[in-house]
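Structure below is data.cif: mmCIF, C-alpha atoms.
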```cif
data_input
loop_
_atom_site.label_atom_id
_atom_site.label_comp_id
_atom_site.auth_asym_id
_atom_site.auth_seq_id
_atom_site.Cartn_x
_atom_site.Cartn_y
_atom_site.Cartn_z
CA MET X 48 33.85 -23.02 -2.60
CA SER X 49 35.67 -23.77 0.59
CA THR X 50 39.47 -23.76 0.33
CA ASP X 51 40.43 -23.07 3.93
CA THR X 52 41.77 -26.60 4.46
CA HIS X 53 44.43 -26.18 1.76
CA THR X 54 47.77 -24.50 2.21
CA HIS X 55 49.52 -23.49 -1.01
CA THR X 56 52.70 -21.50 -0.70
CA ASP X 57 52.99 -21.01 -4.47
CA PRO X 58 50.38 -18.47 -5.71
CA ALA X 59 50.67 -19.77 -9.26
CA ALA X 60 49.97 -23.33 -8.15
CA GLU X 61 47.01 -22.20 -6.09
CA ARG X 62 45.62 -20.32 -9.09
CA LEU X 63 45.98 -23.43 -11.27
CA ARG X 64 44.28 -25.54 -8.61
CA ARG X 65 41.28 -23.17 -8.44
CA TRP X 66 40.92 -23.03 -12.22
CA ARG X 67 41.06 -26.81 -12.39
CA LEU X 68 38.23 -27.13 -9.82
CA VAL X 69 36.15 -24.51 -11.61
CA LEU X 70 36.59 -25.85 -15.14
CA GLY X 71 36.34 -29.56 -14.34
CA ALA X 72 38.06 -32.71 -15.54
CA ASP X 73 37.62 -31.95 -19.25
CA SER X 74 39.66 -28.75 -19.04
CA ALA X 75 43.20 -29.02 -20.38
CA MET X 76 44.88 -25.81 -19.36
CA ASP X 77 44.67 -22.69 -17.25
CA PRO X 78 43.14 -19.85 -19.33
CA ALA X 79 45.22 -17.34 -17.38
CA ALA X 80 48.44 -19.22 -18.03
CA GLY X 81 48.19 -19.31 -21.82
CA ALA X 82 49.32 -22.15 -24.07
CA GLY X 83 51.16 -24.86 -22.24
CA GLY X 84 49.73 -23.90 -18.85
CA GLY X 85 48.47 -27.35 -17.93
CA PHE X 86 46.91 -28.53 -14.68
CA ALA X 87 48.50 -30.81 -12.17
CA ALA X 88 46.49 -33.85 -11.08
CA LEU X 89 44.27 -33.34 -8.07
CA SER X 90 44.66 -35.45 -4.97
CA GLY X 91 43.15 -35.99 -1.55
CA ALA X 92 40.30 -33.68 -0.60
CA ASP X 93 40.62 -31.76 -3.87
CA SER X 94 40.01 -34.93 -5.83
CA ALA X 95 36.95 -35.82 -3.74
CA MET X 96 35.59 -32.29 -4.08
CA ASP X 97 36.11 -32.47 -7.83
CA ARG X 98 34.11 -35.71 -8.03
CA THR X 99 31.13 -34.12 -6.27
CA LEU X 100 31.22 -31.18 -8.68
CA GLU X 101 31.67 -33.42 -11.71
CA ALA X 102 28.70 -35.54 -10.68
CA LEU X 103 26.41 -32.52 -10.92
CA TYR X 104 28.05 -30.19 -13.44
CA GLY X 105 30.03 -32.61 -15.60
CA GLY X 106 27.44 -32.66 -18.37
CA GLN X 107 26.88 -36.43 -18.49
CA GLY X 108 27.16 -37.20 -14.81
CA ASP X 109 24.74 -37.39 -11.95
CA PRO X 110 25.08 -37.73 -8.18
CA ALA X 111 24.04 -41.37 -8.34
CA ALA X 112 27.06 -42.42 -10.36
CA GLN X 113 30.22 -41.19 -8.71
CA GLY X 114 32.31 -44.27 -9.14
CA SER X 115 34.80 -44.99 -11.87
CA GLY X 116 33.74 -45.64 -15.44
CA PRO X 117 31.36 -43.76 -17.71
CA ARG X 118 28.44 -41.93 -16.17
CA GLU X 119 24.94 -42.01 -17.55
CA ALA X 120 22.09 -39.58 -17.00
CA GLY X 121 19.09 -40.71 -15.00
CA LEU X 122 18.77 -41.31 -11.31
CA GLY X 123 16.71 -44.47 -11.35
CA GLY X 124 16.42 -46.07 -7.94
CA SER X 125 19.70 -44.72 -6.63
CA ALA X 126 18.48 -42.81 -3.58
CA PRO X 127 21.14 -44.23 -1.21
CA ARG X 128 24.00 -43.09 -3.46
CA VAL X 129 22.38 -39.67 -3.93
CA ALA X 130 22.09 -39.41 -0.16
CA ARG X 131 25.81 -40.11 0.11
CA TRP X 132 26.48 -37.42 -2.50
CA LEU X 133 24.44 -34.97 -0.45
CA GLY X 134 26.54 -35.85 2.55
CA ASP X 135 29.73 -35.29 0.53
CA ILE X 136 28.80 -31.80 -0.62
CA ARG X 137 28.01 -30.85 2.97
CA THR X 138 31.52 -31.99 3.89
CA TYR X 139 33.27 -29.86 1.27
CA PHE X 140 31.08 -26.77 0.92
CA PRO X 141 29.35 -24.25 3.23
CA ALA X 142 25.57 -24.43 3.74
CA SER X 143 24.80 -21.58 1.33
CA VAL X 144 26.67 -23.37 -1.49
CA VAL X 145 25.09 -26.72 -0.58
CA GLN X 146 21.62 -25.20 -0.98
CA VAL X 147 22.51 -23.89 -4.45
CA MET X 148 23.91 -27.29 -5.51
CA GLN X 149 20.80 -29.07 -4.22
CA ARG X 150 18.58 -26.73 -6.23
CA ASP X 151 20.72 -27.34 -9.31
CA ALA X 152 20.48 -31.10 -8.77
CA ILE X 153 16.69 -30.89 -8.55
CA ASP X 154 16.50 -28.78 -11.72
CA ARG X 155 19.19 -30.50 -13.81
CA LEU X 156 18.87 -34.12 -12.78
CA GLY X 157 15.27 -34.66 -11.79
CA LEU X 158 16.12 -35.14 -8.14
CA ALA X 159 12.61 -34.09 -7.08
CA SER X 160 11.25 -37.62 -7.42
CA LEU X 161 13.87 -38.90 -4.99
CA LEU X 162 12.70 -36.45 -2.32
CA LEU X 163 9.90 -38.95 -1.80
CA GLU X 164 12.50 -41.21 -0.13
CA PRO X 165 13.00 -40.73 3.66
CA GLU X 166 16.77 -41.27 3.47
CA MET X 167 17.03 -38.48 0.91
CA LEU X 168 15.10 -36.04 3.08
CA GLU X 169 17.29 -36.82 6.06
CA ALA X 170 20.40 -35.99 4.02
CA VAL X 171 19.40 -32.66 2.45
CA GLU X 172 20.25 -29.17 3.71
CA ALA X 173 16.81 -27.74 4.41
CA ASP X 174 15.90 -24.27 3.10
CA VAL X 175 12.90 -22.34 1.81
CA HIS X 176 13.29 -23.64 -1.74
CA LEU X 177 13.40 -27.24 -0.57
CA VAL X 178 10.20 -26.62 1.42
CA GLY X 179 8.55 -25.34 -1.75
CA THR X 180 9.58 -28.49 -3.61
CA LEU X 181 8.29 -30.72 -0.82
CA LEU X 182 4.96 -28.91 -0.77
CA SER X 183 4.55 -29.47 -4.50
CA LEU X 184 5.24 -33.19 -3.97
CA HIS X 185 3.47 -33.91 -0.70
CA LYS X 186 0.25 -35.20 -2.29
CA ALA X 187 2.31 -37.92 -3.98
CA MET X 188 4.42 -38.82 -0.94
CA PRO X 189 4.16 -42.30 0.53
CA GLU X 190 3.06 -42.41 4.16
CA THR X 191 6.56 -43.47 5.25
CA THR X 192 7.93 -40.17 3.93
CA LYS X 193 5.31 -37.68 5.11
CA GLU X 194 6.46 -37.47 8.71
CA THR X 195 10.07 -36.97 7.62
CA ALA X 196 8.93 -34.25 5.22
CA ARG X 197 6.99 -32.49 7.99
CA ALA X 198 10.07 -32.60 10.20
CA VAL X 199 12.17 -31.00 7.45
CA VAL X 200 9.54 -28.30 6.89
CA ARG X 201 9.16 -27.65 10.61
CA LYS X 202 12.90 -27.12 11.03
CA VAL X 203 12.93 -24.47 8.29
CA ILE X 204 9.81 -22.78 9.69
CA GLU X 205 11.21 -22.67 13.23
CA ASP X 206 14.42 -21.09 11.93
CA LEU X 207 12.41 -18.48 10.01
CA GLU X 208 10.28 -17.69 13.06
CA LYS X 209 13.38 -17.13 15.18
CA ARG X 210 14.70 -14.76 12.53
CA LEU X 211 11.50 -12.84 11.82
CA ALA X 212 9.03 -13.02 14.70
CA THR X 213 10.59 -10.72 17.31
CA ARG X 214 11.25 -7.84 14.94
CA THR X 215 7.81 -8.19 13.32
CA ARG X 216 5.99 -8.05 16.66
CA ALA X 217 8.06 -5.09 17.86
CA THR X 218 7.56 -3.12 14.64
CA LEU X 219 3.83 -3.73 14.46
CA THR X 220 3.27 -3.15 18.16
CA GLY X 221 4.91 0.25 17.75
CA ALA X 222 2.69 1.02 14.77
CA LEU X 223 -0.45 0.00 16.66
CA ASP X 224 0.57 2.05 19.69
CA ARG X 225 1.16 5.12 17.56
CA SER X 226 -2.24 4.74 15.91
CA ALA X 227 -3.83 4.45 19.36
CA ARG X 228 -2.47 7.70 20.79
CA ILE X 229 -5.02 10.34 21.76
CA ALA X 230 -4.57 14.09 22.11
CA ARG X 231 -6.16 14.47 25.57
CA PRO X 232 -5.30 11.36 27.55
CA ARG X 233 -6.32 10.74 31.12
CA HIS X 234 -3.48 10.96 33.63
CA ARG X 235 -2.96 7.20 33.75
CA ASP X 236 -2.84 7.04 29.92
CA ILE X 237 -0.12 9.68 29.44
CA ASP X 238 3.03 8.54 27.67
CA TRP X 239 5.43 10.69 29.69
CA ASP X 240 8.52 9.91 27.67
CA ARG X 241 6.99 11.11 24.40
CA THR X 242 5.18 13.96 26.13
CA VAL X 243 8.47 15.37 27.47
CA ARG X 244 10.13 15.05 24.07
CA ALA X 245 7.18 16.74 22.36
CA ASN X 246 7.45 19.72 24.70
CA LEU X 247 11.20 20.30 24.94
CA LYS X 248 10.77 23.68 23.26
CA ASN X 249 8.81 24.72 26.35
CA TYR X 250 11.73 24.11 28.72
CA LEU X 251 12.06 26.83 31.41
CA PRO X 252 15.70 26.89 32.55
CA GLU X 253 15.01 29.09 35.58
CA TYR X 254 12.60 26.46 36.90
CA ARG X 255 14.45 23.50 35.36
CA THR X 256 11.20 22.08 34.06
CA VAL X 257 9.19 21.49 30.89
CA VAL X 258 5.74 22.98 30.47
CA PRO X 259 3.64 20.20 28.83
CA GLU X 260 1.40 22.19 26.51
CA ARG X 261 0.64 19.00 24.55
CA LEU X 262 0.05 15.64 26.18
CA VAL X 263 0.73 12.40 24.31
CA GLY X 264 -1.01 9.26 25.48
CA TYR X 265 -2.38 5.88 24.53
CA GLY X 266 -6.04 5.05 24.03
CA ARG X 267 -7.43 2.35 26.30
CA ALA X 268 -8.71 0.62 23.16
CA ALA X 269 -5.13 -0.40 22.39
CA ARG X 270 -5.69 -3.51 24.48
CA SER X 271 -8.44 -4.83 22.20
CA VAL X 272 -8.46 -5.88 18.55
CA LYS X 273 -7.91 -2.71 16.58
CA LYS X 274 -7.02 -3.75 13.06
CA ASP X 275 -8.09 -6.51 10.66
CA VAL X 276 -5.50 -8.05 8.34
CA ILE X 277 -6.27 -10.35 5.40
CA LEU X 278 -3.36 -12.12 3.70
CA CYS X 279 -4.47 -13.33 0.26
CA ILE X 280 -1.79 -15.65 -1.16
CA ASP X 281 -1.39 -16.94 -4.70
CA GLN X 282 -0.38 -20.62 -4.43
CA SER X 283 0.61 -21.12 -8.06
CA GLY X 284 3.88 -22.99 -8.48
CA SER X 285 6.00 -19.89 -9.12
CA MET X 286 5.01 -18.46 -5.72
CA ALA X 287 6.40 -21.27 -3.56
CA ALA X 288 8.90 -19.20 -1.54
CA SER X 289 6.29 -16.46 -1.01
CA VAL X 290 3.81 -19.01 0.32
CA VAL X 291 6.38 -20.23 2.86
CA TYR X 292 7.22 -16.75 4.15
CA ALA X 293 3.59 -15.62 4.14
CA SER X 294 2.59 -18.61 6.26
CA VAL X 295 5.23 -17.71 8.84
CA PHE X 296 4.18 -14.07 8.91
CA GLY X 297 0.52 -15.08 9.08
CA ALA X 298 1.22 -17.13 12.21
CA VAL X 299 3.16 -14.24 13.77
CA LEU X 300 0.39 -11.73 13.05
CA ALA X 301 -2.24 -14.14 14.37
CA SER X 302 -0.35 -14.31 17.66
CA MET X 303 -0.84 -10.56 18.23
CA ARG X 304 -4.03 -9.77 20.14
CA SER X 305 -4.28 -6.31 18.59
CA LEU X 306 -4.73 -7.86 15.15
CA ASP X 307 -7.47 -10.06 13.76
CA THR X 308 -5.67 -11.99 11.00
CA ARG X 309 -7.17 -14.04 8.20
CA LEU X 310 -5.12 -16.13 5.74
CA VAL X 311 -6.55 -17.11 2.36
CA VAL X 312 -4.76 -19.12 -0.34
CA PHE X 313 -5.97 -19.49 -3.90
CA ASP X 314 -5.34 -20.86 -7.36
CA THR X 315 -8.56 -21.35 -9.35
CA SER X 316 -10.29 -22.14 -6.06
CA VAL X 317 -10.11 -20.36 -2.71
CA VAL X 318 -9.24 -21.93 0.65
CA ASP X 319 -9.45 -20.14 4.00
CA LEU X 320 -6.72 -21.48 6.32
CA THR X 321 -7.31 -19.05 9.18
CA ASP X 322 -8.21 -21.81 11.64
CA GLN X 323 -4.74 -23.36 11.10
CA LEU X 324 -2.73 -20.19 11.75
CA SER X 325 -1.54 -21.42 15.13
CA ASP X 326 0.85 -23.73 13.26
CA PRO X 327 2.39 -22.50 9.98
CA VAL X 328 3.42 -26.05 9.12
CA ASP X 329 -0.27 -27.03 9.04
CA VAL X 330 -0.91 -23.98 6.87
CA LEU X 331 1.77 -25.02 4.40
CA PHE X 332 0.52 -28.59 4.14
CA GLY X 333 -2.96 -27.17 3.58
CA THR X 334 -1.75 -25.49 0.39
CA GLN X 335 -1.49 -27.11 -3.01
CA LEU X 336 1.20 -25.47 -5.12
CA GLY X 337 0.58 -25.36 -8.84
CA GLY X 338 -2.48 -24.98 -11.03
CA GLY X 339 -4.13 -21.89 -12.46
CA THR X 340 -4.89 -18.49 -10.92
CA ASP X 341 -8.17 -16.68 -10.30
CA ILE X 342 -7.34 -13.49 -8.40
CA ASN X 343 -10.79 -12.03 -8.95
CA ARG X 344 -12.45 -14.96 -7.17
CA ALA X 345 -9.98 -14.74 -4.28
CA LEU X 346 -10.55 -11.01 -3.84
CA ALA X 347 -14.31 -11.55 -3.97
CA TYR X 348 -14.00 -13.93 -1.02
CA CYS X 349 -11.77 -11.52 0.91
CA GLN X 350 -14.14 -8.64 0.19
CA SER X 351 -17.03 -10.66 1.61
CA ARG X 352 -15.14 -11.05 4.92
CA ILE X 353 -14.50 -7.33 5.46
CA THR X 354 -16.69 -5.85 8.19
CA ARG X 355 -14.64 -2.76 9.16
CA PRO X 356 -13.19 -1.34 5.92
CA ALA X 357 -11.47 1.65 7.51
CA GLU X 358 -9.65 -0.64 9.95
CA THR X 359 -8.72 -3.35 7.43
CA VAL X 360 -5.49 -4.06 5.55
CA VAL X 361 -5.65 -6.50 2.62
CA VAL X 362 -2.31 -7.87 1.39
CA LEU X 363 -2.42 -9.61 -1.99
CA ILE X 364 0.71 -11.68 -2.63
CA SER X 365 0.70 -12.65 -6.32
CA ASP X 366 2.64 -12.33 -9.56
CA LEU X 367 -0.66 -11.02 -11.01
CA TYR X 368 -0.90 -13.50 -13.88
CA GLU X 369 -4.69 -13.51 -13.80
CA GLY X 370 -6.62 -16.42 -15.26
CA GLY X 371 -9.95 -15.03 -14.11
CA ILE X 372 -11.76 -11.80 -14.92
CA ARG X 373 -9.20 -8.98 -15.14
CA ASP X 374 -11.69 -6.10 -15.05
CA GLY X 375 -13.45 -7.73 -12.13
CA MET X 376 -10.19 -7.93 -10.20
CA LEU X 377 -9.45 -4.24 -10.72
CA LYS X 378 -13.02 -3.19 -9.86
CA ARG X 379 -12.82 -5.10 -6.58
CA VAL X 380 -9.56 -3.42 -5.63
CA ALA X 381 -11.04 -0.01 -6.50
CA ALA X 382 -14.18 -0.75 -4.46
CA MET X 383 -12.19 -1.86 -1.42
CA LYS X 384 -10.01 1.23 -1.54
CA ALA X 385 -13.04 3.49 -1.95
CA ALA X 386 -14.55 1.91 1.19
CA GLY X 387 -11.40 2.76 3.17
CA VAL X 388 -9.49 -0.55 2.97
CA ARG X 389 -5.69 -0.24 2.80
CA PHE X 390 -4.72 -2.48 -0.13
CA VAL X 391 -1.16 -3.73 -0.58
CA THR X 392 0.08 -5.81 -3.55
CA LEU X 393 3.31 -7.79 -3.18
CA LEU X 394 4.61 -9.39 -6.36
CA ALA X 395 6.75 -11.68 -4.24
CA LEU X 396 7.60 -12.13 -0.57
CA SER X 397 11.03 -13.70 -0.75
CA ASP X 398 14.79 -13.10 -0.82
CA GLU X 399 14.93 -13.69 -4.57
CA GLY X 400 15.76 -11.03 -7.14
CA ALA X 401 13.22 -9.21 -9.31
CA PRO X 402 10.28 -11.59 -9.91
CA ALA X 403 8.47 -12.28 -13.16
CA TYR X 404 5.05 -10.63 -13.02
CA ASP X 405 2.25 -9.27 -15.20
CA ARG X 406 3.38 -5.70 -15.81
CA GLU X 407 0.08 -4.56 -17.29
CA HIS X 408 -1.85 -5.61 -14.21
CA ALA X 409 0.80 -4.14 -11.90
CA ALA X 410 0.58 -0.82 -13.70
CA ALA X 411 -3.23 -0.87 -13.52
CA LEU X 412 -3.11 -1.45 -9.75
CA ALA X 413 -0.53 1.33 -9.36
CA ALA X 414 -2.90 3.67 -11.20
CA LEU X 415 -5.52 2.85 -8.57
CA GLY X 416 -3.11 3.91 -5.83
CA ALA X 417 -2.15 0.34 -4.93
CA PRO X 418 1.55 0.08 -5.86
CA ALA X 419 2.73 -3.43 -6.72
CA PHE X 420 6.27 -4.34 -5.68
CA ALA X 421 8.45 -7.22 -4.58
CA CYS X 422 9.19 -7.36 -0.86
CA THR X 423 11.89 -9.15 1.11
CA PRO X 424 10.98 -10.83 4.41
CA ASP X 425 13.10 -8.26 6.25
CA LEU X 426 11.11 -5.37 4.74
CA PHE X 427 7.68 -6.91 5.31
CA PRO X 428 7.28 -5.66 8.94
CA GLU X 429 7.93 -2.09 7.77
CA VAL X 430 5.41 -2.45 4.94
CA MET X 431 2.76 -3.75 7.36
CA ALA X 432 3.52 -1.01 9.90
CA ALA X 433 3.06 1.68 7.25
CA ALA X 434 -0.19 0.07 6.09
CA LEU X 435 -1.56 -0.11 9.64
CA GLU X 436 -0.65 3.53 10.30
CA LYS X 437 -2.06 4.62 6.92
CA ARG X 438 1.16 6.30 5.83
CA PRO X 439 3.01 5.92 2.50
CA LEU X 440 4.41 2.45 1.91
CA PRO X 441 8.20 1.98 1.79
CA VAL X 442 8.15 0.87 -1.86
CA PRO X 443 11.61 -0.41 -2.88
CA GLY X 444 13.25 -0.87 -6.24
CA THR X 445 11.81 -0.26 -9.67
CA ALA X 446 8.71 -2.48 -9.82
CA ALA X 447 5.45 -0.89 -10.94
CA ARG X 448 4.60 2.05 -8.66
CA PRO X 449 2.89 5.41 -8.98
CA ALA X 450 4.93 8.60 -9.07
CA ALA X 451 3.58 9.45 -5.65
CA GLU X 452 1.27 7.30 -3.61
CA PRO X 453 -1.81 9.31 -2.63
CA SER X 454 -2.08 10.15 1.03
CA PRO X 455 -4.69 8.05 2.80
#
```
With the file now loaded, output its structure as structure tokens.
Amino acid sequence: MSTDTHTHTDPAAERLRRWRLVLGADSAMDPAAGAGGGFAALSGADSAMDRTLEALYGGQGDPAAQGSGPREAGLGGSAPRVARWLGDIRTYFPASVVQVMQRDAIDRLGLASLLLEPEMLEAVEADVHLVGTLLSLHKAMPETTKETARAVVRKVIEDLEKRLATRTRATLTGALDRSARIARPRHRDIDWDRTVRANLKNYLPEYRTVVPERLVGYGRAARSVKKDVILCIDQSGSMAASVVYASVFGAVLASMRSLDTRLVVFDTSVVDLTDQLSDPVDVLFGTQLGGGTDINRALAYCQSRITRPAETVVVLISDLYEGGIRDGMLKRVAAMKAAGVRFVTLLALSDEGAPAYDREHAAALAALGAPAFACTPDLFPEVMAAALEKRPLPVPGTAARPAAEPSP
């Protein structure tokens, strides 16, 4: 929590103050001080900060009841007071802490229903998790709230694009260029910088020159569509953050002329949102978080859209809890790989920790040479670059993976 606005010359008093804010109003003494180590009363900003914490974490309180007197659980129709509480926590805590407190309020106090109120949406600190909550609620939103919700979602998406787009395009452009190099380029297609570096061993000091025994160049085909990418996204409720990030990456990939990108979302049905890739906000509002999962059906649809297997990368983003035909799912993956498709399975595409996933299915995919692993948004460009270049994937962590991924 933020304490920069307080100046305490006595270290012991500052320690007591911090323990008091951490333990709440019901605490009677400082654990570090032993018996008799009581707390002094809070005042000013500390007192206001304590009330915002007590409203959420006080056990019987809620953000809608911050006044004096006993608090009762249940938010009722108290959206204006909750909005004021949201404003208070933004006053006293940094954005990262505010986002955590908002998530806790949604989970602990049923705040999700109040996100249907425009004044609530205008007060929240927008982040990926809030977007996921809004997407799960948007079918139930009144018309007066939908435009506000889209504005909140658009702000988060624009921030993510600023963070991710430039690096993604640069990384994938490099991968596509490397895959387009040819051994005997025409003069106008020679990459002189890489050619010189590749031939430094042939430097002749007496002539102060390099003899280019091997030329490195770019194929003219690099200007046309060279690779097909299919993003197949599980839109079950547990995958909300992954759906948000995948939509952003889908829009970025679709903006690259060297890639032909398709985006498919699924639960027990399959929806192709490729025609909405120009705007990831439209993609997100075209999803419907929640429901069951039929990975086999989704992969069947993706398989039917593959026309150039050797030039295709399929990225399945799912926790692999299959409600469809398990053997069918594995057979489809095996068939696609046998045809030359590069198949990537991401258990999550988010900044979260290790996700919950079906370990049996992950192990079965790993045995097929399709390692299943969680991926952060920052790692995703490197994963895609490796897939496009047909080199080993940069598999992180300890999720299900083969001992050594077979060379393509």
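Of the residues under consideration (X:Arg261, X:His185, X:Arg150, X:Arg98), X:His185 shows the shortest atom-to-atom contact distance to Leu336 of chain X when counting all atoms listed in the file.
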Residue nearest Arg137 of chain X among X:Glu194, X:Asp206, X:Glu436, X:Glu172 (counting only C-alpha atoms): X:Glu172
Asn343 of chain X surroundings by all atoms listed in the file, 10 Å radius, close-in-sequence under 6 positions cut, as number ranges by chain: X: 315, 349, 369-380
Polymer residues at most 9 Å from His408 of chain X, only C-alpha atoms, same-chain spacing of 3 or more positions, as a PyMOL selection string: chain X and resi 367-369+373+377+404-405+411-413
Which residue of X:Ala385, X:Leu394, X:Ala434, X:Leu331 approaches Ala421 of chain X most closely, using all atoms listed in the file: X:Leu394
Closest of X:Thr359, X:Thr256, X:Thr195, X:Thr334 to Val276 of chain X - atom-to-atom distances counting all atoms listed in the file: X:Thr359
Residues selected by the PyMOL selection byres ((chain X and resi 296) around 9), written as a PDB file with C-alpha atoms, in the coordinates of the input:
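Contents of expr_9.pdb, as written:
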```pdb
ATOM      1  CA  GLU X 208      10.280 -17.690  13.060  1.00  0.00           C
ATOM      2  CA  LEU X 211      11.500 -12.840  11.820  1.00  0.00           C
ATOM      3  CA  ALA X 212       9.030 -13.020  14.700  1.00  0.00           C
ATOM      4  CA  THR X 215       7.810  -8.190  13.320  1.00  0.00           C
ATOM      5  CA  VAL X 291       6.380 -20.230   2.860  1.00  0.00           C
ATOM      6  CA  TYR X 292       7.220 -16.750   4.150  1.00  0.00           C
ATOM      7  CA  ALA X 293       3.590 -15.620   4.140  1.00  0.00           C
ATOM      8  CA  SER X 294       2.590 -18.610   6.260  1.00  0.00           C
ATOM      9  CA  VAL X 295       5.230 -17.710   8.840  1.00  0.00           C
ATOM     10  CA  GLY X 297       0.520 -15.080   9.080  1.00  0.00           C
ATOM     11  CA  ALA X 298       1.220 -17.130  12.210  1.00  0.00           C
ATOM     12  CA  VAL X 299       3.160 -14.240  13.770  1.00  0.00           C
ATOM     13  CA  LEU X 300       0.390 -11.730  13.050  1.00  0.00           C
ATOM     14  CA  ALA X 301      -2.240 -14.140  14.370  1.00  0.00           C
ATOM     15  CA  PRO X 327       2.390 -22.500   9.980  1.00  0.00           C
ATOM     16  CA  PRO X 424      10.980 -10.830   4.410  1.00  0.00           C
ATOM     17  CA  PHE X 427       7.680  -6.910   5.310  1.00  0.00           C
ATOM     18  CA  PRO X 428       7.280  -5.660   8.940  1.00  0.00           C
TER      19      PRO X 428
END
```
Within 12 Å of file point (4.2, -20.4, 2.9), counting all atoms listed in the file, expressed as a count of residues only: 55
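Taking only C-alpha atoms into account, Val263 of chain X lies nearest to X:Ile237 out of the set X:Val360, X:Ile153, X:Ile237, X:Leu223.
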Pick from X:Ala401, X:Leu168, X:Ala217, X:Phe420, whichever lies nearest to Ala198 of chain X using all atoms listed in the file: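 Counting all atoms listed in the file, the residue closest to Ala198 of chain X is X:Leu168.
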Picked residues, the PyMOL selection byres ((chain X and resi 149) around 9), expected as a VMD selection string: chain X and resid 133 144 to 148 150 to 154 158 171 to 172 177
